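Data first, discussion second: the structure below is written as structure tokens.
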Amino acid sequence: MAAVKARRKARFPAESTDYRRARNRLLKSEVELRRQIESVAAQRRKLPLGGEVPQDYVFEALAPGEKKVKKVRLSQLFQRGKDTLFLYNFMFPESLGSMKPCPSCTSIIDAVDGAALHVTQRINFVVVAKAPIDKFRAHARKRGWRNALLLSSANNSFNADYRAEGPDGQQFPLAHVFVRRGKKIRHFWSSELWFATPDPNEDMRHVDFMWPMWSIFDTTPKGRGKTWGAELEY
């Protein structure tokens, strides 16, 4: 209790009374936001299971240091004792005829690759791109990714079936959660904020939960800004 009271009376060097008054108002809003985040998470956990996966999709995989491409089925992505799979659709190519990896998706996996070692202690985690696996793996080597399991959907319809690919071949950055119940694999959740019209001066924010860069910017006076975006080279 003493520690809680001390936190409530926290002050920083040379701050003014006006600053502390405004900061305390903001703190109340932050507490409400925290409660709302937990409320939404609880609602998400109560979702009924979605549709059964229509086929046991076959992906291509090329592990770090290996030269031989392997075929991996969706069902094989569920390791023993782990009934949940988190899958991220990486935009590569990001438009029809382009073989350029998406800078924003790259920024996301730059951050998530290190966390993958922790994430996979509880659930299965993979990153899927439409590009051929050798090109995806070459991009991974350039970025220094070591932990995330990378797969290619070049020869299956997964991206199109799960709304990560448009009729013209355009790729979309979606996150999905699948669960295994017995021998059946069911869809559970996708980042459908991607399809919801954002409010003015906002982006979709559908995968911000796995993209820490924006949360860092949100704490600064200038915020996210309206024009800056991640790049492959600086």
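Following the order of the structure tokens, first chain is A, next is B, and so on, with residues numbered from 1 inside each chain and ligands from 1 in the order they appear.
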
Cut-off 9 Å: closest stretch 8-127 of chain A/stretch 143-149 of chain A atom pairs per residue, using only C-alpha atoms, as JSON lines:
```
{"residue": "A:Ala61", "atom": "CA", "partner": "A:Leu149", "partner_atom": "CA", "distance": 8.1}
{"residue": "A:Leu62", "atom": "CA", "partner": "A:Leu149", "partner_atom": "CA", "distance": 8.9}
{"residue": "A:Ala63", "atom": "CA", "partner": "A:Leu149", "partner_atom": "CA", "distance": 7.6}
{"residue": "A:Pro64", "atom": "CA", "partner": "A:Arg146", "partner_atom": "CA", "distance": 7.2}
{"residue": "A:Thr106", "atom": "CA", "partner": "A:Arg143", "partner_atom": "CA", "distance": 8.3}
{"residue": "A:Ile109", "atom": "CA", "partner": "A:Trp145", "partner_atom": "CA", "distance": 8.0}
{"residue": "A:Asp110", "atom": "CA", "partner": "A:Trp145", "partner_atom": "CA", "distance": 7.0}
{"residue": "A:Val112", "atom": "CA", "partner": "A:Ala148", "partner_atom": "CA", "distance": 7.8}
{"residue": "A:Asp113", "atom": "CA", "partner": "A:Ala148", "partner_atom": "CA", "distance": 5.3}
{"residue": "A:Gly114", "atom": "CA", "partner": "A:Asn147", "partner_atom": "CA", "distance": 6.7}
{"residue": "A:Ala115", "atom": "CA", "partner": "A:Asn147", "partner_atom": "CA", "distance": 8.4}
{"residue": "A:Ala116", "atom": "CA", "partner": "A:Ala148", "partner_atom": "CA", "distance": 5.8}
{"residue": "A:Leu117", "atom": "CA", "partner": "A:Asn147", "partner_atom": "CA", "distance": 6.4}
{"residue": "A:Phe125", "atom": "CA", "partner": "A:Leu149", "partner_atom": "CA", "distance": 7.0}
{"residue": "A:Val126", "atom": "CA", "partner": "A:Leu149", "partner_atom": "CA", "distance": 4.9}
{"residue": "A:Val127", "atom": "CA", "partner": "A:Leu149", "partner_atom": "CA", "distance": 6.2}
```

Write out the residues from the selection above, keeping C-alpha atoms, as a short mmCIF file (atom, residue, chain, number, x, y, z; two decimals), in the first residue's frame.
```
data_model
loop_
_atom_site.label_atom_id
_atom_site.label_comp_id
_atom_site.auth_asym_id
_atom_site.auth_seq_id
_atom_site.Cartn_x
_atom_site.Cartn_y
_atom_site.Cartn_z
CA ALA A 61 9.98 -23.52 -45.81
CA LEU A 62 13.72 -22.94 -45.85
CA ALA A 63 15.29 -22.88 -42.41
CA PRO A 64 18.38 -20.74 -41.67
CA THR A 106 9.77 -5.58 -42.49
CA ILE A 109 9.21 -8.53 -38.13
CA ASP A 110 12.43 -6.67 -37.27
CA VAL A 112 8.95 -9.49 -33.56
CA ASP A 113 11.82 -11.76 -34.60
CA GLY A 114 13.58 -11.24 -31.27
CA ALA A 115 10.33 -11.77 -29.37
CA ALA A 116 9.60 -14.98 -31.29
CA LEU A 117 11.75 -17.00 -28.87
CA PHE A 125 4.20 -18.46 -34.57
CA VAL A 126 4.88 -18.17 -38.32
CA VAL A 127 5.27 -15.47 -40.96
#
```

Which neighbours of A:Trp214 fall inside 9 Å, counting only C-alpha atoms, when residues of the same chain fewer than 6 positions from it are skipped, and could you give them as an mmCIF file with N, CA and C atoms, in the first residue's frame?
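Output file selection_33.cif follows:
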```
data_model
loop_
_atom_site.group_PDB
_atom_site.id
_atom_site.type_symbol
_atom_site.label_atom_id
_atom_site.label_comp_id
_atom_site.auth_asym_id
_atom_site.auth_seq_id
_atom_site.Cartn_x
_atom_site.Cartn_y
_atom_site.Cartn_z
ATOM 1 N N ASP A 208 -1.069 -2.833 -34.709
ATOM 2 C CA ASP A 208 -0.205 -2.030 -33.835
ATOM 3 C C ASP A 208 0.227 -2.802 -32.589
ATOM 4 N N GLY A 223 3.925 12.933 -31.722
ATOM 5 C CA GLY A 223 3.135 11.755 -32.019
ATOM 6 C C GLY A 223 3.629 10.977 -33.224
ATOM 7 N N ARG A 224 2.721 10.319 -33.903
ATOM 8 C CA ARG A 224 3.062 9.482 -35.044
ATOM 9 C C ARG A 224 3.431 10.286 -36.281
#
```

Q: For A:Phe90, please output as a PyMOL selection string all residues within 7 Å (counting only C-alpha atoms; exclusion window: fewer than 4 positions along the same chain).
A: chain A and resi 105+127-129+173

Enumerate the residues of stretch 62-177 of chain A with a DSSP assignment of helix (DSSP H, G or I), computed from the backbone, and present them as an mmCIF file with C-alpha atoms, in the first residue's frame.
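The result, stored in out_24.cif:
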```cif
data_model
loop_
_atom_site.group_PDB
_atom_site.id
_atom_site.type_symbol
_atom_site.label_atom_id
_atom_site.label_comp_id
_atom_site.auth_asym_id
_atom_site.auth_seq_id
_atom_site.Cartn_x
_atom_site.Cartn_y
_atom_site.Cartn_z
ATOM 1 C CA LEU A 74 -0.656 -26.166 -41.927
ATOM 2 C CA SER A 75 -1.398 -29.027 -39.545
ATOM 3 C CA GLN A 76 2.339 -29.546 -39.020
ATOM 4 C CA LEU A 77 2.724 -25.988 -37.704
ATOM 5 C CA PRO A 103 8.999 -1.811 -45.566
ATOM 6 C CA SER A 104 6.246 -1.689 -42.919
ATOM 7 C CA CYS A 105 5.976 -5.481 -42.669
ATOM 8 C CA THR A 106 9.767 -5.585 -42.488
ATOM 9 C CA SER A 107 9.709 -3.136 -39.579
ATOM 10 C CA ILE A 108 7.188 -5.334 -37.774
ATOM 11 C CA ILE A 109 9.214 -8.526 -38.127
ATOM 12 C CA ASP A 110 12.431 -6.671 -37.274
ATOM 13 C CA ALA A 111 10.860 -6.211 -33.843
ATOM 14 C CA VAL A 112 8.952 -9.488 -33.555
ATOM 15 C CA ASP A 113 11.823 -11.760 -34.600
ATOM 16 C CA GLY A 114 13.580 -11.239 -31.265
ATOM 17 C CA ALA A 115 10.332 -11.771 -29.366
ATOM 18 C CA ALA A 116 9.603 -14.984 -31.290
ATOM 19 C CA LEU A 117 11.746 -17.000 -28.872
ATOM 20 C CA HIS A 118 9.466 -15.901 -26.056
ATOM 21 C CA VAL A 119 6.199 -16.154 -27.995
ATOM 22 C CA ILE A 133 10.781 -18.949 -50.143
ATOM 23 C CA ASP A 134 14.347 -18.383 -51.372
ATOM 24 C CA LYS A 135 13.631 -14.680 -51.902
ATOM 25 C CA PHE A 136 11.906 -14.404 -48.528
ATOM 26 C CA ARG A 137 14.815 -16.128 -46.811
ATOM 27 C CA ALA A 138 17.317 -13.841 -48.602
ATOM 28 C CA HIS A 139 15.436 -10.830 -47.236
ATOM 29 C CA ALA A 140 15.515 -12.399 -43.767
ATOM 30 C CA ARG A 141 19.299 -12.830 -43.954
ATOM 31 C CA LYS A 142 19.715 -9.210 -44.947
ATOM 32 C CA ARG A 143 17.606 -8.103 -41.963
ATOM 33 C CA PHE A 158 -4.070 -19.458 -48.377
ATOM 34 C CA ASN A 159 -3.582 -15.703 -48.848
ATOM 35 C CA ALA A 160 -6.569 -15.371 -51.153
ATOM 36 C CA ASP A 161 -8.784 -17.615 -48.998
#
```

Q: Fewer than 2 positions away in the same chain doesn't count, so skip those; otherwise give me all residues within 12 Å of A:Lys183, counting only C-alpha atoms, as a list in words.
A: Glu52, Val53, Asp56, Leu74, Ser75, Gln76, Phe78, Asp83, Val179, Arg180, Arg181, Ile185 and Arg186 of chain A

Selected residues, C-alpha atoms, written as a compact mmCIF listing (two decimals), in the first residue's frame, please.
```txt
# COMPACT_ATOMS: atom_id res chain seq x y z
CA GLU A 52 -12.93 -25.02 -40.10
CA VAL A 53 -9.91 -24.57 -42.36
CA ASP A 56 -4.45 -28.60 -45.08
CA LEU A 74 -0.66 -26.17 -41.93
CA SER A 75 -1.40 -29.03 -39.54
CA GLN A 76 2.34 -29.55 -39.02
CA PHE A 78 1.05 -27.04 -34.45
CA ASP A 83 -2.98 -25.79 -29.84
CA VAL A 179 -6.68 -23.20 -33.06
CA ARG A 180 -6.57 -26.97 -33.19
CA ARG A 181 -9.32 -29.01 -31.59
CA ILE A 185 -8.14 -26.71 -37.30
CA ARG A 186 -10.45 -23.74 -36.87
```

Q | Spatial neighbours of A:Leu193, 9 Å, only C-alpha atoms, chain gap at least 6 places, as a VMD selection string | A | chain A and resid 204 to 207

Atoms to include: N, CA and C atoms. Write the selected residues as a compact mmCIF listing (two decimals), in the first residue's frame.
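And here is the file that came out, part-v9.txt:
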```
# COMPACT_ATOMS: atom_id res chain seq x y z
N MET A 204 -5.32 2.33 -40.02
CA MET A 204 -6.11 1.19 -39.57
C MET A 204 -5.73 0.70 -38.17
N ARG A 205 -4.44 0.77 -37.85
CA ARG A 205 -3.93 0.33 -36.53
C ARG A 205 -4.28 -1.12 -36.22
N HIS A 206 -4.47 -1.91 -37.24
CA HIS A 206 -4.95 -3.28 -37.03
C HIS A 206 -3.89 -4.22 -36.47
N VAL A 207 -2.61 -3.90 -36.69
CA VAL A 207 -1.54 -4.75 -36.14
C VAL A 207 -0.59 -3.95 -35.25
```

(Q) Residues of chain A classed as strand (DSSP E) by DSSP on the backbone are to be reported as a ChimeraX atom specification. (A) /A:58-61,70-73,84-90,124-129,149-152,175-181,184-190

**Q.** Residues near A:Asp168, cut-off 10 Å, only C-alpha atoms, skip fewer than 3 positions along chain, as a PyMOL selection string
**A.** chain A and resi 95-97+165+171

Output the selection as a compact mmCIF listing (two decimals), in the first residue's frame - N, CA and C atoms for each residue.
```txt
# COMPACT_ATOMS: atom_id res chain seq x y z
N SER A 95 2.66 -5.64 -54.43
CA SER A 95 1.74 -5.36 -55.52
C SER A 95 2.05 -6.31 -56.66
N LEU A 96 1.10 -6.49 -57.55
CA LEU A 96 1.24 -7.43 -58.64
C LEU A 96 2.48 -7.10 -59.48
N GLY A 97 3.32 -8.10 -59.68
CA GLY A 97 4.50 -7.91 -60.50
C GLY A 97 5.70 -7.34 -59.77
N GLU A 165 -5.06 -11.32 -49.88
CA GLU A 165 -4.69 -11.13 -51.28
C GLU A 165 -5.92 -10.69 -52.06
N GLN A 171 -1.15 -7.83 -52.13
CA GLN A 171 -1.04 -8.49 -50.83
C GLN A 171 -1.44 -7.54 -49.70
```

Q: Give me, please, the distance in Å between atom CA of A:Arg25 and atom CA of A:Thr219, quoted to one decimal.
A: 15.4 Å

Q. Do you have the atom CA of A:Gln170-atom CA of A:Pro198 distance handy?
A. 20.4 Å
